[in-house]
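Source file: my_file-v2.pdb; contents: PDB, C-alpha atoms, pLDDT in the B column.
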ATOM      1  CA  MET A 269      -6.990 -25.100 -10.581  1.00 46.00           C
ATOM      2  CA  ARG A 270      -9.593 -22.558 -11.692  1.00 56.00           C
ATOM      3  CA  ASP A 271      -8.444 -19.320 -13.398  1.00 65.00           C
ATOM      4  CA  VAL A 272      -9.632 -16.533 -11.134  1.00 88.00           C
ATOM      5  CA  GLY A 273      -8.350 -13.813 -13.456  1.00 97.00           C
ATOM      6  CA  VAL A 274      -5.826 -12.316 -11.036  1.00 98.00           C
ATOM      7  CA  GLU A 275      -2.440 -13.218  -9.591  1.00 98.00           C
ATOM      8  CA  VAL A 276      -0.153 -11.947  -6.846  1.00 98.00           C
ATOM      9  CA  ARG A 277       3.221 -10.504  -7.918  1.00 97.00           C
ATOM     10  CA  GLU A 278       5.652  -7.830  -6.783  1.00 97.00           C
ATOM     11  CA  SER A 279       3.895  -4.466  -6.945  1.00 94.00           C
ATOM     12  CA  ASN A 280       4.876  -1.773  -9.424  1.00 92.00           C
ATOM     13  CA  ILE A 281       4.941   0.611  -6.454  1.00 89.00           C
ATOM     14  CA  PRO A 282       8.471   0.762  -5.011  1.00 87.00           C
ATOM     15  CA  GLY A 283       8.528  -0.538  -1.437  1.00 85.00           C
ATOM     16  CA  ALA A 284       4.895  -1.690  -1.478  1.00 86.00           C
ATOM     17  CA  GLY A 285       5.652  -5.417  -1.476  1.00 92.00           C
ATOM     18  CA  LYS A 286       3.130  -7.553  -3.294  1.00 96.00           C
ATOM     19  CA  GLY A 287       0.337  -6.392  -5.565  1.00 97.00           C
ATOM     20  CA  LEU A 288      -2.585  -7.971  -7.395  1.00 98.00           C
ATOM     21  CA  PHE A 289      -2.518  -8.143 -11.202  1.00 98.00           C
ATOM     22  CA  ALA A 290      -5.120  -8.976 -13.842  1.00 98.00           C
ATOM     23  CA  THR A 291      -4.383 -12.108 -15.880  1.00 98.00           C
ATOM     24  CA  ARG A 292      -7.304 -11.535 -18.253  1.00 97.00           C
ATOM     25  CA  LEU A 293      -9.613  -8.714 -19.289  1.00 98.00           C
ATOM     26  CA  HIS A 294     -12.000  -7.528 -16.572  1.00 98.00           C
ATOM     27  CA  ALA A 295     -14.835  -5.454 -18.033  1.00 98.00           C
ATOM     28  CA  GLU A 296     -16.014  -2.260 -16.371  1.00 98.00           C
ATOM     29  CA  GLY A 297     -18.621  -3.105 -13.716  1.00 98.00           C
ATOM     30  CA  SER A 298     -17.558  -6.725 -13.332  1.00 98.00           C
ATOM     31  CA  THR A 299     -16.609  -8.279  -9.999  1.00 98.00           C
ATOM     32  CA  VAL A 300     -12.884  -9.026 -10.107  1.00 98.00           C
ATOM     33  CA  CYS A 301     -12.579 -10.783  -6.736  1.00 97.00           C
ATOM     34  CA  ILE A 302     -13.902 -10.706  -3.158  1.00 98.00           C
ATOM     35  CA  TYR A 303     -12.462  -9.208   0.052  1.00 98.00           C
ATOM     36  CA  THR A 304     -13.262 -11.543   2.942  1.00 98.00           C
ATOM     37  CA  GLY A 305     -11.633 -12.621   6.174  1.00 98.00           C
ATOM     38  CA  VAL A 306     -12.438 -12.838   9.853  1.00 98.00           C
ATOM     39  CA  VAL A 307     -15.609 -10.870  10.628  1.00 98.00           C
ATOM     40  CA  LEU A 308     -15.395  -8.820  13.816  1.00 98.00           C
ATOM     41  CA  PRO A 309     -17.713  -6.445  15.668  1.00 97.00           C
ATOM     42  CA  ASN A 310     -16.592  -2.815  16.077  1.00 93.00           C
ATOM     43  CA  GLN A 311     -15.330  -3.231  19.640  1.00 94.00           C
ATOM     44  CA  GLN A 312     -13.076  -6.164  18.752  1.00 96.00           C
ATOM     45  CA  ALA A 313     -11.797  -4.567  15.549  1.00 94.00           C
ATOM     46  CA  TRP A 314     -10.777  -1.353  17.313  1.00 90.00           C
ATOM     47  CA  LYS A 315      -8.597  -3.325  19.738  1.00 93.00           C
ATOM     48  CA  LEU A 316      -6.535  -5.079  17.052  1.00 92.00           C
ATOM     49  CA  PRO A 317      -2.859  -4.100  17.226  1.00 90.00           C
ATOM     50  CA  ASP A 318      -2.409  -4.442  13.442  1.00 88.00           C
ATOM     51  CA  LYS A 319      -5.209  -2.980  11.351  1.00 86.00           C
ATOM     52  CA  SER A 320      -3.347  -3.195   8.014  1.00 86.00           C
ATOM     53  CA  TYR A 321      -5.916  -5.542   6.438  1.00 93.00           C
ATOM     54  CA  LEU A 322      -8.979  -4.376   8.350  1.00 92.00           C
ATOM     55  CA  MET A 323     -11.964  -3.064   6.383  1.00 93.00           C
ATOM     56  CA  LYS A 324     -15.125  -1.545   7.802  1.00 93.00           C
ATOM     57  CA  LEU A 325     -18.116  -3.141   6.111  1.00 96.00           C
ATOM     58  CA  GLY A 326     -20.841  -1.224   7.946  1.00 92.00           C
ATOM     59  CA  ASP A 327     -23.641  -2.366  10.276  1.00 88.00           C
ATOM     60  CA  GLY A 328     -21.123  -2.604  13.133  1.00 93.00           C
ATOM     61  CA  LYS A 329     -18.937  -5.102  11.242  1.00 96.00           C
ATOM     62  CA  TYR A 330     -15.358  -5.212  10.091  1.00 96.00           C
ATOM     63  CA  VAL A 331     -13.543  -7.867   8.076  1.00 98.00           C
ATOM     64  CA  ASP A 332      -9.874  -8.611   8.785  1.00 97.00           C
ATOM     65  CA  ALA A 333      -7.758 -10.408   6.151  1.00 98.00           C
ATOM     66  CA  LEU A 334      -4.463 -10.133   8.084  1.00 97.00           C
ATOM     67  CA  ASN A 335      -4.112 -13.890   8.589  1.00 97.00           C
ATOM     68  CA  CYS A 336      -5.863 -14.857   5.345  1.00 97.00           C
ATOM     69  CA  PRO A 337      -3.188 -14.937   2.610  1.00 96.00           C
ATOM     70  CA  GLU A 338      -5.599 -16.848   0.360  1.00 96.00           C
ATOM     71  CA  VAL A 339      -7.797 -13.723   0.133  1.00 98.00           C
ATOM     72  CA  LEU A 340      -6.330 -12.293  -3.065  1.00 97.00           C
ATOM     73  CA  ALA A 341      -8.079  -8.922  -2.671  1.00 98.00           C
ATOM     74  CA  ARG A 342      -5.854  -8.158   0.345  1.00 97.00           C
ATOM     75  CA  TYR A 343      -2.959  -7.609  -2.086  1.00 98.00           C
ATOM     76  CA  ILE A 344      -4.623  -4.650  -3.840  1.00 96.00           C
ATOM     77  CA  ASN A 345      -2.594  -1.515  -3.185  1.00 93.00           C
ATOM     78  CA  ASP A 346      -3.761   2.056  -2.770  1.00 90.00           C
ATOM     79  CA  CYS A 347      -3.394   4.263  -5.833  1.00 80.00           C
ATOM     80  CA  ARG A 348      -1.800   7.070  -3.789  1.00 69.00           C
ATOM     81  CA  GLY A 349       1.036   8.489  -5.865  1.00 62.00           C
ATOM     82  CA  HIS A 350       0.175   6.279  -8.848  1.00 62.00           C
ATOM     83  CA  ARG A 351      -0.447   8.478 -11.866  1.00 67.00           C
ATOM     84  CA  GLY A 352      -3.034   6.136 -13.371  1.00 72.00           C
ATOM     85  CA  GLY A 353      -5.380   6.397 -10.393  1.00 84.00           C
ATOM     86  CA  PHE A 354      -7.582   3.569  -9.204  1.00 91.00           C
ATOM     87  CA  ASN A 355      -9.159   0.932 -11.450  1.00 96.00           C
ATOM     88  CA  VAL A 356     -11.264  -0.950  -8.870  1.00 97.00           C
ATOM     89  CA  ARG A 357     -13.519  -0.037  -5.949  1.00 96.00           C
ATOM     90  CA  PHE A 358     -14.785  -1.935  -2.926  1.00 96.00           C
ATOM     91  CA  ASP A 359     -18.555  -2.522  -2.895  1.00 98.00           C
ATOM     92  CA  LYS A 360     -19.159  -3.333   0.762  1.00 97.00           C
ATOM     93  CA  ARG A 361     -21.772  -5.995   1.562  1.00 97.00           C
ATOM     94  CA  PRO A 362     -22.101  -6.154   5.358  1.00 96.00           C
ATOM     95  CA  HIS A 363     -24.972  -8.663   5.223  1.00 97.00           C
ATOM     96  CA  ASP A 364     -22.750 -11.016   3.201  1.00 98.00           C
ATOM     97  CA  ASP A 365     -19.633 -10.401   5.377  1.00 97.00           C
ATOM     98  CA  ARG A 366     -17.555  -9.273   2.411  1.00 98.00           C
ATOM     99  CA  ALA A 367     -16.714  -6.545  -0.087  1.00 98.00           C
ATOM    100  CA  ASP A 368     -16.819  -7.134  -3.822  1.00 98.00           C
ATOM    101  CA  VAL A 369     -13.887  -5.747  -5.809  1.00 98.00           C
ATOM    102  CA  VAL A 370     -15.477  -4.124  -8.872  1.00 98.00           C
ATOM    103  CA  ALA A 371     -13.716  -2.814 -11.989  1.00 98.00           C
ATOM    104  CA  VAL A 372     -14.412   0.913 -12.486  1.00 97.00           C
ATOM    105  CA  ARG A 373     -13.109   0.693 -16.061  1.00 97.00           C
ATOM    106  CA  ASP A 374     -11.904  -2.073 -18.364  1.00 98.00           C
ATOM    107  CA  ILE A 375      -8.753  -3.629 -16.879  1.00 98.00           C
ATOM    108  CA  GLN A 376      -6.300  -5.199 -19.288  1.00 97.00           C
ATOM    109  CA  PRO A 377      -4.235  -8.346 -18.625  1.00 98.00           C
ATOM    110  CA  GLY A 378      -1.003  -7.432 -16.834  1.00 98.00           C
ATOM    111  CA  GLU A 379      -2.399  -4.306 -15.143  1.00 96.00           C
ATOM    112  CA  GLU A 380      -1.947  -3.962 -11.399  1.00 96.00           C
ATOM    113  CA  LEU A 381      -5.166  -3.371  -9.472  1.00 97.00           C
ATOM    114  CA  TYR A 382      -5.348  -0.130  -7.496  1.00 95.00           C
ATOM    115  CA  VAL A 383      -8.029   1.138  -5.148  1.00 94.00           C
ATOM    116  CA  ASP A 384      -8.482   4.301  -3.082  1.00 86.00           C
ATOM    117  CA  TYR A 385      -8.130   3.240   0.567  1.00 72.00           C
ATOM    118  CA  GLY A 386      -9.545   6.591   1.656  1.00 64.00           C
ATOM    119  CA  ARG A 387      -8.360   9.323   3.989  1.00 59.00           C
ATOM    120  CA  LEU A 388      -9.313   7.514   7.211  1.00 58.00           C
ATOM    121  CA  TYR A 389      -7.101   4.529   6.357  1.00 50.00           C
ATOM    122  CA  TRP A 390      -4.067   6.794   6.039  1.00 44.00           C
ATOM    123  CA  LEU A 391      -4.870   8.669   9.253  1.00 53.00           C
ATOM    124  CA  ALA A 392      -4.995   5.341  11.114  1.00 54.00           C
ATOM    125  CA  TYR A 393      -1.857   4.124   9.332  1.00 51.00           C
ATOM    126  CA  ASN A 394       0.089   7.209  10.376  1.00 47.00           C
ATOM    127  CA  MET A 395      -1.066   6.772  13.983  1.00 52.00           C
ATOM    128  CA  MET A 396       0.262   3.179  13.943  1.00 56.00           C
ATOM    129  CA  HIS A 397       3.521   4.174  12.205  1.00 48.00           C
ATOM    130  CA  LYS A 398       4.467   7.439  13.907  1.00 58.00           C
ATOM    131  CA  ASP A 399       8.150   6.797  13.191  1.00 64.00           C
ATOM    132  CA  ASN A 400       7.530   6.494   9.427  1.00 58.00           C
ATOM    133  CA  PRO A 401       4.289   8.278   8.439  1.00 53.00           C
ATOM    134  CA  VAL A 402       2.953   8.460   4.893  1.00 54.00           C
ATOM    135  CA  ARG A 403       2.120  11.957   3.741  1.00 52.00           C
TER     136      ARG A 403
END

Produce structure tokens that represent the structure in this file.
Amino acid sequence: MRDVGVEVRESNIPGAGKGLFATRLHAEGSTVCIYTGVVLPNQQAWKLPDKSYLMKLGDGKYVDALNCPEVLARYINDCRGHRGGFNVRFDKRPHDDRADVVAVRDIQPGEELYVDYGRLYWLAYNMMHKDNPVR
């Protein structure tokens, strides 16, 4: 099996479930992994009951990794409340039906990957989880 430089483990964030961790050094600017899944047009994506792994790529496209556990990038947690902030970003590539996960600084082996999901993700999350919103 090929070393992809990341592995899934329990997140350092209490209650977050799984997270994605570096198993080797990832230099700033390097692509760590890829976010892919089922590509959907806007109208179909908006109708999904569970949008937890849905990412807007642009050009009227979304990618949904809900039923794609092999997509390692789906395990990257938001940095909200994490004092270290984010260490990766999503570079969206709608014409390639994916988003590249890019290191925004050097990432050391053992570090959990964190990204900023953005304000709109949390607004949608709170609408779906009215009984237990995230502030």

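Comparing the minimum interatomic distances between Thr304 of chain A and each of A:Gln376, A:Thr291, A:Asn280, A:Asn335, counting only C-alpha atoms, we find that A:Asn335 sits nearest.
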
Item to complete: Give as a VMD selection string the residues that the PyMOL selection byres ((chain A and resi 327) around 10) matches when applied to the coordinates above.
Response: chain A and resid 309 to 310 324 to 326 328 to 330 361 to 363

Kindly resolve the PyMOL selection byres ((chain A and resi 303) around 12) on the present coordinates and return the residues as an mmCIF file with C-alpha atoms, in the coordinates of the input.
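Output saved as selection-v1.cif:
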data_model
loop_
_atom_site.group_PDB
_atom_site.id
_atom_site.type_symbol
_atom_site.label_atom_id
_atom_site.label_comp_id
_atom_site.auth_asym_id
_atom_site.auth_seq_id
_atom_site.Cartn_x
_atom_site.Cartn_y
_atom_site.Cartn_z
ATOM 1 C CA THR A 299 -16.609 -8.279 -9.999
ATOM 2 C CA VAL A 300 -12.884 -9.026 -10.107
ATOM 3 C CA CYS A 301 -12.579 -10.783 -6.736
ATOM 4 C CA ILE A 302 -13.902 -10.706 -3.158
ATOM 5 C CA THR A 304 -13.262 -11.543 2.942
ATOM 6 C CA GLY A 305 -11.633 -12.621 6.174
ATOM 7 C CA VAL A 306 -12.438 -12.838 9.853
ATOM 8 C CA VAL A 307 -15.609 -10.870 10.628
ATOM 9 C CA TYR A 321 -5.916 -5.542 6.438
ATOM 10 C CA LEU A 322 -8.979 -4.376 8.350
ATOM 11 C CA MET A 323 -11.964 -3.064 6.383
ATOM 12 C CA LYS A 324 -15.125 -1.545 7.802
ATOM 13 C CA LEU A 325 -18.116 -3.141 6.111
ATOM 14 C CA TYR A 330 -15.358 -5.212 10.091
ATOM 15 C CA VAL A 331 -13.543 -7.867 8.076
ATOM 16 C CA ASP A 332 -9.874 -8.611 8.785
ATOM 17 C CA ALA A 333 -7.758 -10.408 6.151
ATOM 18 C CA LEU A 334 -4.463 -10.133 8.084
ATOM 19 C CA CYS A 336 -5.863 -14.857 5.345
ATOM 20 C CA PRO A 337 -3.188 -14.937 2.610
ATOM 21 C CA GLU A 338 -5.599 -16.848 0.360
ATOM 22 C CA VAL A 339 -7.797 -13.723 0.133
ATOM 23 C CA LEU A 340 -6.330 -12.293 -3.065
ATOM 24 C CA ALA A 341 -8.079 -8.922 -2.671
ATOM 25 C CA ARG A 342 -5.854 -8.158 0.345
ATOM 26 C CA TYR A 343 -2.959 -7.609 -2.086
ATOM 27 C CA ILE A 344 -4.623 -4.650 -3.840
ATOM 28 C CA ARG A 357 -13.519 -0.037 -5.949
ATOM 29 C CA PHE A 358 -14.785 -1.935 -2.926
ATOM 30 C CA ASP A 359 -18.555 -2.522 -2.895
ATOM 31 C CA LYS A 360 -19.159 -3.333 0.762
ATOM 32 C CA ARG A 361 -21.772 -5.995 1.562
ATOM 33 C CA PRO A 362 -22.101 -6.154 5.358
ATOM 34 C CA ASP A 364 -22.750 -11.016 3.201
ATOM 35 C CA ASP A 365 -19.633 -10.401 5.377
ATOM 36 C CA ARG A 366 -17.555 -9.273 2.411
ATOM 37 C CA ALA A 367 -16.714 -6.545 -0.087
ATOM 38 C CA ASP A 368 -16.819 -7.134 -3.822
ATOM 39 C CA VAL A 369 -13.887 -5.747 -5.809
ATOM 40 C CA VAL A 370 -15.477 -4.124 -8.872
#

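Distances from A:Leu293, A:Val356, A:Leu308, A:Ile281 to Gly378 of chain A were compared using all atoms listed in the file, and the smallest one belongs to A:Leu293.
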
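Using all atoms listed in the file, the smallest distance between any of A:Asn345, A:Glu296, A:Asn355, A:Val372 and Pro282 of chain A comes from A:Asn345.
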
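The coordinates place atom CA of Gly353 of chain A at 11.2 Å from atom CA of Arg373 of chain A.
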
Discussion item. Going by the chain IDs and residue numbers used in this file, which residues fall under the PyMOL selection byres ((chain A and resi 277) around 10)? Write them as a PyMOL selection string.
Written reply: chain A and resi 274-276+278-280+285-289+343+380

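The smallest atom-to-atom distance between Ala371 of chain A and any of A:Ala295, A:Ala290, A:Cys347, A:Ala313, using all atoms listed in the file, is found for A:Ala295.
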